[in-house]
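Shown next: structure26.cif, given as mmCIF, C-alpha atoms and all ligand atoms.
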```
data_structure
#
loop_
_atom_site.label_atom_id
_atom_site.label_comp_id
_atom_site.auth_asym_id
_atom_site.auth_seq_id
_atom_site.Cartn_x
_atom_site.Cartn_y
_atom_site.Cartn_z
CA MET A 1 46.25 0.75 2.78
CA ALA A 2 42.71 1.13 1.45
CA SER A 3 40.60 -2.00 1.81
CA THR A 4 40.06 -4.08 -1.34
CA LEU A 5 36.90 -5.66 0.04
CA ASN A 6 33.59 -4.42 -1.32
CA TRP A 7 30.90 -4.56 1.36
CA ALA A 8 28.27 -2.97 -0.86
CA GLN A 9 28.35 -5.69 -3.49
CA VAL A 10 25.84 -7.91 -1.74
CA GLN A 11 23.31 -5.12 -1.36
CA THR A 12 20.86 -4.38 -4.12
CA ARG A 13 20.57 -0.72 -3.24
CA PRO A 14 22.29 1.79 -0.99
CA VAL A 15 20.67 2.76 2.30
CA LEU A 16 19.43 6.33 1.95
CA MET A 17 21.05 8.57 4.53
CA ILE A 18 20.81 11.60 2.25
CA PRO A 19 18.60 14.43 3.46
CA GLY A 20 15.64 13.09 1.49
CA PRO A 21 14.24 11.14 -0.13
CA THR A 22 14.58 8.94 2.89
CA GLU A 23 13.99 5.28 3.72
CA LEU A 24 10.36 4.20 3.88
CA PRO A 25 8.72 2.12 6.62
CA TRP A 26 7.75 -1.28 5.28
CA PRO A 27 3.96 -0.74 5.70
CA VAL A 28 4.27 2.43 3.58
CA ILE A 29 5.95 0.47 0.79
CA GLN A 30 3.27 -2.21 1.03
CA ALA A 31 0.50 0.38 0.80
CA MET A 32 1.52 1.07 -2.80
CA ASN A 33 1.34 -2.55 -3.85
CA GLN A 34 -2.20 -2.62 -5.20
CA PRO A 35 -4.05 -2.17 -8.47
CA PRO A 36 -5.12 1.33 -9.52
CA SER A 37 -8.16 2.88 -7.92
CA ILE A 38 -10.12 5.69 -9.53
CA GLN A 39 -9.17 9.04 -8.10
CA TYR A 40 -12.64 10.57 -8.57
CA ASP A 41 -14.45 7.59 -7.09
CA ARG A 42 -16.22 8.39 -3.82
CA GLY A 43 -14.57 5.40 -2.19
CA PHE A 44 -11.15 6.93 -2.69
CA ASP A 45 -12.32 10.42 -1.79
CA GLU A 46 -14.06 9.46 1.44
CA GLY A 47 -12.05 6.40 2.35
CA VAL A 48 -8.52 7.56 1.65
CA LEU A 49 -7.98 11.17 0.62
CA GLU A 50 -10.24 12.87 3.14
CA PRO A 51 -9.10 10.91 6.22
CA THR A 52 -5.48 11.46 5.20
CA THR A 53 -5.79 15.23 4.88
CA LEU A 54 -7.73 15.41 8.15
CA ALA A 55 -5.10 13.32 9.96
CA LEU A 56 -2.38 15.52 8.50
CA ARG A 57 -3.82 18.45 10.45
CA GLU A 58 -2.54 16.79 13.61
CA VAL A 59 0.92 16.46 12.10
CA PHE A 60 0.83 20.11 11.02
CA GLN A 61 -0.62 21.10 14.41
CA THR A 62 -3.31 23.14 12.73
CA THR A 63 -7.07 23.34 12.62
CA GLY A 64 -6.80 24.80 9.11
CA GLU A 65 -7.09 22.96 5.84
CA VAL A 66 -4.21 20.77 4.66
CA ILE A 67 -4.13 20.42 0.89
CA LEU A 68 -2.44 17.49 -0.78
CA MET A 69 -1.35 17.88 -4.39
CA PRO A 70 0.78 15.97 -6.85
CA GLY A 71 4.25 17.46 -6.85
CA SER A 72 7.12 18.00 -4.47
CA GLY A 73 8.28 20.60 -1.99
CA ARG A 74 8.82 23.10 -4.79
CA THR A 75 5.24 22.64 -5.98
CA ALA A 76 4.02 23.53 -2.50
CA LEU A 77 6.21 26.63 -2.38
CA GLU A 78 5.07 27.76 -5.79
CA ALA A 79 1.38 27.02 -5.18
CA GLY A 80 1.53 28.99 -1.93
CA ALA A 81 3.39 31.91 -3.47
CA LEU A 82 1.28 32.25 -6.61
CA SER A 83 -1.97 31.96 -4.67
CA VAL A 84 -1.38 34.79 -2.20
CA ILE A 85 1.09 37.09 -3.99
CA GLU A 86 0.08 39.41 -6.79
CA PRO A 87 2.55 41.12 -9.08
CA GLY A 88 4.05 44.11 -7.30
CA ASP A 89 3.31 42.85 -3.76
CA ARG A 90 6.21 43.40 -1.39
CA VAL A 91 7.76 40.22 0.03
CA LEU A 92 10.61 39.89 2.51
CA VAL A 93 12.54 36.67 1.91
CA VAL A 94 14.90 35.36 4.58
CA GLY A 95 17.76 33.72 2.69
CA ALA A 96 20.12 31.54 4.72
CA GLY A 97 21.07 28.94 2.12
CA VAL A 98 20.13 27.27 -1.14
CA PHE A 99 16.45 26.91 -0.24
CA GLY A 100 16.08 30.53 0.83
CA VAL A 101 17.40 31.40 -2.62
CA LEU A 102 14.85 29.02 -4.15
CA MET A 103 12.07 30.94 -2.41
CA ARG A 104 13.52 34.13 -3.85
CA GLU A 105 13.39 32.69 -7.37
CA ILE A 106 9.82 31.52 -6.96
CA MET A 107 8.77 34.93 -5.64
CA GLY A 108 10.50 36.49 -8.65
CA ARG A 109 8.42 34.33 -10.99
CA VAL A 110 5.16 35.42 -9.39
CA GLY A 111 6.17 39.04 -9.81
CA ALA A 112 6.74 39.96 -6.18
CA GLU A 113 8.67 43.10 -5.37
CA MET A 114 11.17 41.31 -3.31
CA THR A 115 13.68 42.20 -0.66
CA GLU A 116 16.09 39.56 0.50
CA PHE A 117 17.20 39.43 4.11
CA PRO A 118 20.51 37.61 3.72
CA VAL A 119 21.83 35.45 6.55
CA GLU A 120 25.37 34.13 6.56
CA TRP A 121 25.23 30.40 5.68
CA GLY A 122 25.26 28.36 8.86
CA GLY A 123 24.88 31.52 10.92
CA ARG A 124 22.20 32.79 13.27
CA LEU A 125 19.33 34.95 12.17
CA ASP A 126 19.41 38.45 13.71
CA LEU A 127 15.78 38.75 14.81
CA ASP A 128 16.03 42.39 15.89
CA ARG A 129 17.37 43.42 12.52
CA LEU A 130 14.71 41.34 10.76
CA ALA A 131 12.00 43.02 12.86
CA ARG A 132 13.34 46.46 11.88
CA GLU A 133 13.47 45.49 8.21
CA ALA A 134 9.90 44.18 8.35
CA GLU A 135 8.76 47.36 10.08
CA ARG A 136 10.44 49.47 7.42
CA LEU A 137 9.12 47.48 4.45
CA GLN A 138 5.65 46.53 5.70
CA PRO A 139 5.68 43.51 3.36
CA LYS A 140 2.60 41.56 2.39
CA ALA A 141 4.49 38.37 3.28
CA ILE A 142 7.63 37.22 5.07
CA THR A 143 9.09 33.88 4.00
CA LEU A 144 11.39 31.60 5.97
CA VAL A 145 12.92 28.18 5.47
CA HIS A 146 12.43 26.55 8.86
CA ASN A 147 15.13 23.95 8.39
CA GLU A 148 17.73 24.98 5.81
CA THR A 149 18.65 21.60 4.33
CA SER A 150 21.70 22.98 2.53
CA THR A 151 23.45 24.07 5.73
CA GLY A 152 21.89 21.79 8.38
CA THR A 153 20.38 24.64 10.40
CA THR A 154 17.02 25.25 12.09
CA TYR A 155 15.72 28.79 12.34
CA PRO A 156 13.38 30.20 15.01
CA ALA A 157 10.12 30.10 13.10
CA ALA A 158 8.03 31.00 16.15
CA GLU A 159 9.93 34.28 16.52
CA VAL A 160 9.69 35.11 12.83
CA GLY A 161 5.96 34.40 13.07
CA LYS A 162 5.68 37.06 15.80
CA ILE A 163 7.51 39.57 13.61
CA ALA A 164 5.12 38.82 10.74
CA ARG A 165 2.11 39.29 13.04
CA ALA A 166 3.46 42.61 14.33
CA THR A 167 3.65 44.02 10.79
CA GLY A 168 0.43 42.40 9.60
CA SER A 169 2.38 40.32 7.06
CA LEU A 170 1.51 36.82 5.99
CA PHE A 171 4.00 34.23 7.26
CA LEU A 172 5.02 31.67 4.62
CA LEU A 173 7.06 28.81 6.03
CA ASP A 174 9.00 26.13 4.12
CA THR A 175 8.98 23.03 6.33
CA VAL A 176 10.18 20.61 3.66
CA SER A 177 12.90 19.12 5.84
CA SER A 178 11.38 19.73 9.27
CA ILE A 179 7.72 18.64 9.33
CA ALA A 180 7.30 15.41 11.33
CA GLY A 181 10.95 15.48 12.41
CA ILE A 182 11.18 18.79 14.28
CA ASP A 183 8.32 20.47 16.14
CA VAL A 184 6.33 22.65 13.73
CA ARG A 185 3.41 24.48 15.38
CA THR A 186 1.53 25.90 12.47
CA ASP A 187 -1.29 27.65 14.35
CA GLU A 188 0.62 28.59 17.49
CA TRP A 189 3.39 30.23 15.43
CA GLY A 190 0.98 32.05 13.13
CA VAL A 191 2.07 30.24 9.99
CA ASP A 192 -0.27 31.22 7.15
CA LEU A 193 1.05 28.84 4.54
CA ASN A 194 2.97 25.82 5.77
CA MET A 195 4.52 24.31 2.65
CA THR A 196 6.22 20.94 2.48
CA GLY A 197 6.81 17.71 0.57
CA SER A 198 6.26 14.02 1.26
CA GLN A 199 9.71 12.46 0.95
CA LYS A 200 11.58 13.60 4.04
CA CYS A 201 10.53 13.24 7.69
CA LEU A 202 6.97 12.29 6.80
CA ALA A 203 8.65 9.13 5.46
CA ALA A 204 6.35 8.82 2.47
CA PRO A 205 7.40 8.45 -1.16
CA LEU A 206 8.37 11.47 -3.25
CA GLY A 207 5.48 12.86 -5.27
CA LEU A 208 3.12 14.71 -2.96
CA SER A 209 3.16 18.35 -2.12
CA LEU A 210 1.41 19.61 1.03
CA VAL A 211 0.24 23.07 2.04
CA SER A 212 -1.74 24.10 5.10
CA VAL A 213 -3.70 27.30 4.73
CA SER A 214 -4.73 29.70 7.52
CA PRO A 215 -7.94 31.77 7.48
CA ARG A 216 -5.76 34.87 6.91
CA ALA A 217 -4.24 33.29 3.82
CA TRP A 218 -7.71 32.49 2.43
CA GLU A 219 -8.71 36.10 3.08
CA ALA A 220 -5.62 37.34 1.23
CA MET A 221 -6.62 35.15 -1.73
CA ASP A 222 -10.17 36.52 -1.59
CA ARG A 223 -8.86 40.08 -1.72
CA ARG A 224 -6.84 39.54 -4.88
CA THR A 225 -7.57 42.01 -7.64
CA THR A 226 -6.50 39.56 -10.37
CA PRO A 227 -6.89 35.78 -10.37
CA ALA A 228 -3.77 33.67 -9.84
CA ARG A 229 -2.16 32.88 -13.18
CA SER A 230 -2.02 29.15 -12.62
CA TYR A 231 -4.91 26.83 -13.22
CA ALA A 232 -3.65 23.71 -11.49
CA TYR A 233 -2.02 25.24 -8.43
CA ASP A 234 -4.33 28.11 -7.55
CA LEU A 235 -5.28 27.16 -3.99
CA LEU A 236 -8.60 28.99 -4.29
CA ARG A 237 -9.76 26.32 -6.70
CA TRP A 238 -9.24 23.83 -3.89
CA ARG A 239 -11.51 25.82 -1.64
CA ASP A 240 -14.14 26.17 -4.34
CA GLN A 241 -14.10 22.62 -5.69
CA TRP A 242 -12.88 20.44 -2.88
CA MET A 243 -13.57 21.89 0.59
CA PRO A 244 -17.02 21.44 2.15
CA VAL A 245 -18.97 24.46 3.36
CA SER A 246 -18.55 23.30 6.97
CA ARG A 247 -14.80 23.80 6.62
CA GLY A 248 -15.05 27.20 4.95
CA GLY A 249 -15.21 25.84 1.40
CA LYS A 250 -17.81 26.10 -1.32
CA VAL A 251 -18.99 22.50 -1.71
CA PRO A 252 -22.26 21.70 0.13
CA ASP A 253 -21.52 19.06 2.76
CA GLY A 254 -22.24 15.53 1.66
CA THR A 255 -22.35 16.37 -2.03
CA PRO A 256 -19.77 15.10 -4.49
CA ARG A 257 -16.79 17.34 -5.07
CA ARG A 258 -14.06 17.63 -7.63
CA GLN A 259 -10.33 17.36 -7.29
CA PRO A 260 -8.76 20.48 -8.81
CA VAL A 261 -5.90 18.25 -9.98
CA SER A 262 -6.21 14.47 -10.24
CA ILE A 263 -4.69 13.04 -7.09
CA PRO A 264 -2.19 10.15 -7.35
CA THR A 265 -4.00 7.32 -5.60
CA HIS A 266 -1.01 5.10 -4.79
CA LEU A 267 0.91 7.96 -3.25
CA THR A 268 -2.09 8.96 -1.18
CA GLU A 269 -2.46 5.37 0.08
CA ALA A 270 1.18 5.49 1.10
CA MET A 271 0.69 8.86 2.78
CA ARG A 272 -2.28 7.55 4.68
CA VAL A 273 -0.13 4.82 6.20
CA ALA A 274 2.81 7.18 6.77
CA VAL A 275 0.57 9.57 8.73
CA ARG A 276 -0.97 6.73 10.69
CA LEU A 277 2.49 5.57 11.75
CA ILE A 278 3.47 9.11 12.76
CA LEU A 279 0.38 9.56 14.91
CA GLU A 280 0.73 6.09 16.44
CA GLU A 281 4.28 6.99 17.44
CA GLY A 282 3.18 10.38 18.77
CA LEU A 283 4.71 13.70 17.77
CA GLU A 284 6.55 14.25 21.02
CA HIS A 285 8.29 10.88 20.85
CA ARG A 286 9.08 11.42 17.19
CA PHE A 287 10.73 14.80 17.76
CA ARG A 288 12.73 13.43 20.70
CA ARG A 289 13.85 10.48 18.58
CA HIS A 290 15.13 12.80 15.86
CA ALA A 291 16.89 14.98 18.45
CA VAL A 292 18.64 12.01 20.08
CA ALA A 293 19.62 10.42 16.76
CA ALA A 294 21.06 13.65 15.38
CA GLY A 295 22.81 14.31 18.70
CA ALA A 296 24.40 10.84 18.54
CA LEU A 297 25.47 11.46 14.95
CA ARG A 298 27.09 14.75 15.96
CA ALA A 299 28.82 13.09 18.92
CA GLY A 300 30.15 10.44 16.54
CA ALA A 301 31.41 13.04 14.09
CA ALA A 302 33.12 14.97 16.89
CA ALA A 303 34.84 11.80 18.13
CA MET A 304 36.20 11.32 14.62
CA GLY A 305 37.71 14.81 14.78
CA LEU A 306 35.09 16.32 12.47
CA GLU A 307 33.43 19.69 13.01
CA MET A 308 29.88 20.71 12.27
CA PHE A 309 29.37 23.41 9.65
CA PRO A 310 26.69 25.52 11.37
CA ASP A 311 26.73 27.55 14.52
CA ALA A 312 26.26 25.08 17.41
CA SER A 313 23.12 26.85 18.64
CA ILE A 314 21.13 26.19 15.46
CA VAL A 315 22.20 22.71 14.37
CA SER A 316 19.38 20.74 12.78
CA ASN A 317 18.05 17.44 14.10
CA THR A 318 17.12 16.20 10.64
CA VAL A 319 20.12 17.18 8.52
CA SER A 320 23.69 17.20 9.79
CA SER A 321 26.11 19.31 7.82
CA ILE A 322 29.63 18.18 8.68
CA LYS A 323 32.87 19.81 7.52
CA ALA A 324 34.99 17.36 5.54
CA PRO A 325 38.57 16.92 6.77
CA LYS A 326 40.99 19.21 4.96
CA GLY A 327 42.30 17.74 1.72
CA ILE A 328 39.55 15.10 1.45
CA ASP A 329 37.29 15.32 -1.61
CA THR A 330 33.63 15.28 -0.54
CA GLY A 331 32.52 13.64 -3.80
CA ALA A 332 34.99 10.82 -3.18
CA VAL A 333 33.64 10.31 0.36
CA VAL A 334 30.11 9.97 -1.00
CA THR A 335 31.03 7.55 -3.79
CA THR A 336 33.29 5.47 -1.54
CA MET A 337 30.59 5.17 1.11
CA ARG A 338 28.02 4.22 -1.51
CA ASP A 339 30.09 1.91 -3.69
CA ARG A 340 32.09 0.16 -1.02
CA TYR A 341 29.94 0.35 2.10
CA GLY A 342 26.41 0.62 0.68
CA ILE A 343 25.33 3.82 2.41
CA LEU A 344 24.43 6.99 0.56
CA ILE A 345 25.01 10.40 2.13
CA GLY A 346 25.19 13.77 0.37
CA THR A 347 27.78 16.42 -0.24
CA GLY A 348 26.97 19.99 0.66
CA LEU A 349 25.33 22.17 -1.96
CA ASP A 350 26.51 25.11 -4.00
CA LYS A 351 29.39 27.04 -2.43
CA ILE A 352 29.87 24.48 0.37
CA ARG A 353 29.68 21.42 -1.88
CA ALA A 354 33.41 20.79 -1.78
CA THR A 355 33.81 21.37 1.94
CA THR A 356 30.83 19.74 3.65
CA LEU A 357 28.98 16.44 3.86
CA ARG A 358 25.29 16.07 4.71
CA ILE A 359 23.65 13.18 6.51
CA GLY A 360 19.92 12.92 7.01
CA THR A 361 18.25 11.56 10.14
CA MET A 362 14.67 11.55 8.93
CA GLY A 363 11.70 9.34 9.68
CA ILE A 364 12.93 5.81 10.27
CA THR A 365 16.59 6.70 9.74
CA ALA A 366 16.56 8.70 12.99
CA SER A 367 17.61 5.62 14.95
CA PRO A 368 20.71 3.67 16.02
CA HIS A 369 19.72 1.12 13.40
CA TYR A 370 20.78 3.61 10.69
CA VAL A 371 23.01 6.14 12.45
CA LEU A 372 25.61 3.64 13.72
CA PRO A 373 26.18 1.95 10.31
CA ALA A 374 26.33 5.37 8.65
CA LEU A 375 29.07 6.50 11.05
CA SER A 376 30.88 3.22 10.60
CA ALA A 377 30.81 3.61 6.81
CA LEU A 378 31.89 7.24 7.06
CA GLU A 379 34.86 6.25 9.22
CA LEU A 380 35.89 3.45 6.90
CA ALA A 381 35.52 5.60 3.79
CA LEU A 382 37.50 8.46 5.30
CA ARG A 383 40.18 5.97 6.30
CA ASP A 384 40.27 4.61 2.75
CA LEU A 385 40.76 8.17 1.55
CA GLY A 386 43.68 8.78 3.90
CA HIS A 387 42.05 10.45 6.90
CA LYS A 388 43.48 9.25 10.20
CA ALA A 389 40.98 8.41 12.93
CA GLU A 390 40.77 5.73 15.59
CA PRO A 391 38.64 2.89 14.13
CA GLY A 392 35.35 2.76 15.98
CA ALA A 393 35.74 6.10 17.78
CA GLY A 394 32.74 7.67 16.06
CA VAL A 395 30.52 4.64 16.48
CA ALA A 396 31.49 4.31 20.15
CA ALA A 397 30.67 7.96 20.90
CA ALA A 398 27.33 7.69 19.11
CA GLN A 399 26.53 4.42 20.86
CA ALA A 400 27.26 6.10 24.19
CA ALA A 401 24.94 8.95 23.25
CA PHE A 402 22.16 6.48 22.42
CA ALA A 403 22.85 4.54 25.62
CA ASN A 404 22.62 7.67 27.74
CA ALA A 405 19.51 9.06 26.11
CA VAL A 406 16.53 9.21 28.42
C1 LIG B 1 14.14 23.18 2.69
C2 LIG B 1 13.78 22.71 1.33
N1 LIG B 1 12.93 23.44 0.59
C3 LIG B 1 12.55 23.05 -0.64
C4 LIG B 1 13.03 21.90 -1.20
C5 LIG B 1 12.59 21.48 -2.56
O1 LIG B 1 11.77 20.37 -2.41
P1 LIG B 1 11.56 19.29 -3.57
O2 LIG B 1 12.90 18.75 -3.91
O3 LIG B 1 10.67 18.29 -2.91
O4 LIG B 1 10.91 20.00 -4.69
C6 LIG B 1 13.94 21.11 -0.49
C7 LIG B 1 14.50 19.88 -1.05
O5 LIG B 1 15.44 19.32 -0.57
C8 LIG B 1 14.30 21.53 0.82
O6 LIG B 1 15.13 20.80 1.56
#
```
Can you dump the structure from the file as structure tokens?
Amino acid sequence: MASTLNWAQVQTRPVLMIPGPTELPWPVIQAMNQPPSIQYDRGFDEGVLEPTTLALREVFQTTGEVILMPGSGRTALEAGALSVIEPGDRVLVVGAGVFGVLMREIMGRVGAEMTEFPVEWGGRLDLDRLAREAERLQPKAITLVHNETSTGTTYPAAEVGKIARATGSLFLLDTVSSIAGIDVRTDEWGVDLNMTGSQKCLAAPLGLSLVSVSPRAWEAMDRRTTPARSYAYDLLRWRDQWMPVSRGGKVPDGTPRRQPVSIPTHLTEAMRVAVRLILEEGLEHRFRRHAVAAGALRAGAAAMGLEMFPDASIVSNTVSSIKAPKGIDTGAVVTTMRDRYGILIGTGLDKIRATTLRIGTMGITASPHYVLPALSALELALRDLGHKAEPGAGVAAAQAAFANAV
């Protein structure tokens, strides 16, 4: 019989185990608790914004410029696309899920002549075939979603970067659900625009959009025959109005500069602290923590008799896409977990909405502190909905995985 107790009632909010926005570290929340500062004041520029963007270079593993803008992941994708692509430019879009399709739509809006390279959802990317397609098309840019949040898969960005280099194409990478959770080597992989948002593994609040720009991408913008048709999100305006000459920009060093879009000060304060925490932890430790936490989550799911959606060789360490047991409604699992056990996970998206569940292990939620309760709530909810599994089996397997992690 389903339990009549409500364990969520005493909580004021559900714990966010969705694949973003994710839980925030307490110091990041505290950073926002202050009166407004003036975004164009030098104190904010030199004391907060500049150090944050410079520190973000370490997180992006780049020596290039990291630009912080108001917006979200989509803003970063659109700003990147509209800045380097002119109408009629050929673009090869790798589409392996909902966010590959999003890239296709954005490229359509900027007038690209687009070819999609479709990948079966949850399946591996055929690199040889992609290389042949790139060779045949000679596109101006190749786009890839590093971590496809809709299917819980991670694609080999380093290899796609090599293909882009071989054909002289720009490499545009969506790292919305990977940066700061999975290794992303912007410079080493030849990423020309690394586009992401604040609310996932960076563990900052939703509202900032981030793009790192390579020298090749700046050159492509310089070679445009027509200016980008966006005022706010044309990245060249950032170079002209914001970047100092010593970093390849147009603003004489030490002189005041302008923000091409007014920057949200509270969100930047929060980002400053989020980045500090990431660098204090160290990237290597952070990636290992995400790998172990996601591995434990997968071990727990397997012990409950649940299968992963993607091919085992490309499972993501930040988003786990788990097949729901046959006959169980995914929407009911999510609402039961939230309303009765106080933990929010997600269903799948689009054509796998009814058959898969998604659990994020991002930022601070990549830990036993969050993974074990999430598995416990999943087990209890599935049991309430009629799925038979040994109580505690998932939690025990995950606990063992944490215990054995080196
Ligand atoms: C891989 C990926 N790309 C793009 C987006 C869109 O980002 P946002 O919702 O921040 O606009 C998301 C959001 O989940 C995502 O996971």
Nearest to Met243 in chain A by atom-to-atom distance, counting only C-alpha atoms, from A:Gly100, A:Gly392, A:Pro260, A:Pro139: A:Pro260
Enclose all atoms of range 391-401 of chain A listed in the file in an axis-aligned box, grow every side by 6 Å, and hand back centre and edge lengths in Å to one decimal, as lines of an AutoDock Vina configuration file.
```
center_x = 31.8
center_y = 5.9
center_z = 19.2
size_x = 25.7
size_y = 18.2
size_z = 22.1
```
Straight-line distance linking CA of Arg129 in chain A with CA of Gly152 in chain A, stated in Å to one decimal: 22.5 Å
Who sits within 10 Å of Val406 in chain A, all atoms listed in the file, same chain under 5 positions skipped, as an MDAnalysis selection string: chainID A and resid 288 292 401
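Between ligand LIG 1 (chain B) and the residues A:Pro368, A:Gly95, A:Pro51, A:Gly331, the shortest atom-to-atom distance, using all atoms listed in the file, involves A:Gly95.
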Site check for ligand LIG 1 (chain B): residues at most 9 Å away, all atoms listed in the file, as a ChimeraX atom specification: /A:19-21,71-77,98-100,102-103,145-150,174-178,195-200,206-209
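Proximity ranking of A:Gly327, A:Pro373, A:Gly394, A:Gly282 relative to Leu344 in chain A places A:Pro373 first, based on all atoms listed in the file.
If you measure from each of A:Leu127, A:Ala180, A:Thr265, A:Gly97 to Arg289 in chain A using all atoms listed in the file, the closest one turns out to be A:Ala180.
Counting only C-alpha atoms, the residue from A:Pro227, A:Gly80, A:His266, A:Val66 that sits nearest to Gln34 in chain A is A:His266.
Across the structure, CA of Gly386 in chain A and CA of Ile345 in chain A are spaced 18.8 Å apart.
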Pick from A:Arg258, A:Arg237, A:His285, A:Lys140, whichever lies nearest to Ile85 in chain A using all atoms listed in the file: A:Lys140
Radius query 12 Å about (33.1, 7.8, 12.5), atoms used: only C-alpha atoms, as JSON, numbers by chain: {"A": [296, 297, 298, 299, 300, 301, 302, 303, 304, 305, 306, 307, 322, 324, 337, 371, 372, 373, 374, 375, 376, 377, 378, 379, 380, 381, 382, 383, 387, 388, 389, 390, 391, 392, 393, 394, 395, 396, 397, 398, 399]}
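The two atoms in question, CA of Arg124 in chain A and CA of Ala312 in chain A, are spaced 9.6 Å apart.
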Sel. within 10 Å of pt (-2.6, 34.1, 6.9), counting all atoms listed in the file, output as JSON, numbers by chain: {"A": [84, 141, 164, 165, 168, 169, 170, 171, 172, 187, 190, 191, 192, 193, 213, 214, 215, 216, 217, 218, 219, 220, 221]}
Non-local contacts of Val101 in chain A (10 Å; all atoms listed in the file; under 6 positions in same chain excluded) as a PyMOL selection string: chain A and resi 93-95+107+116+118+145
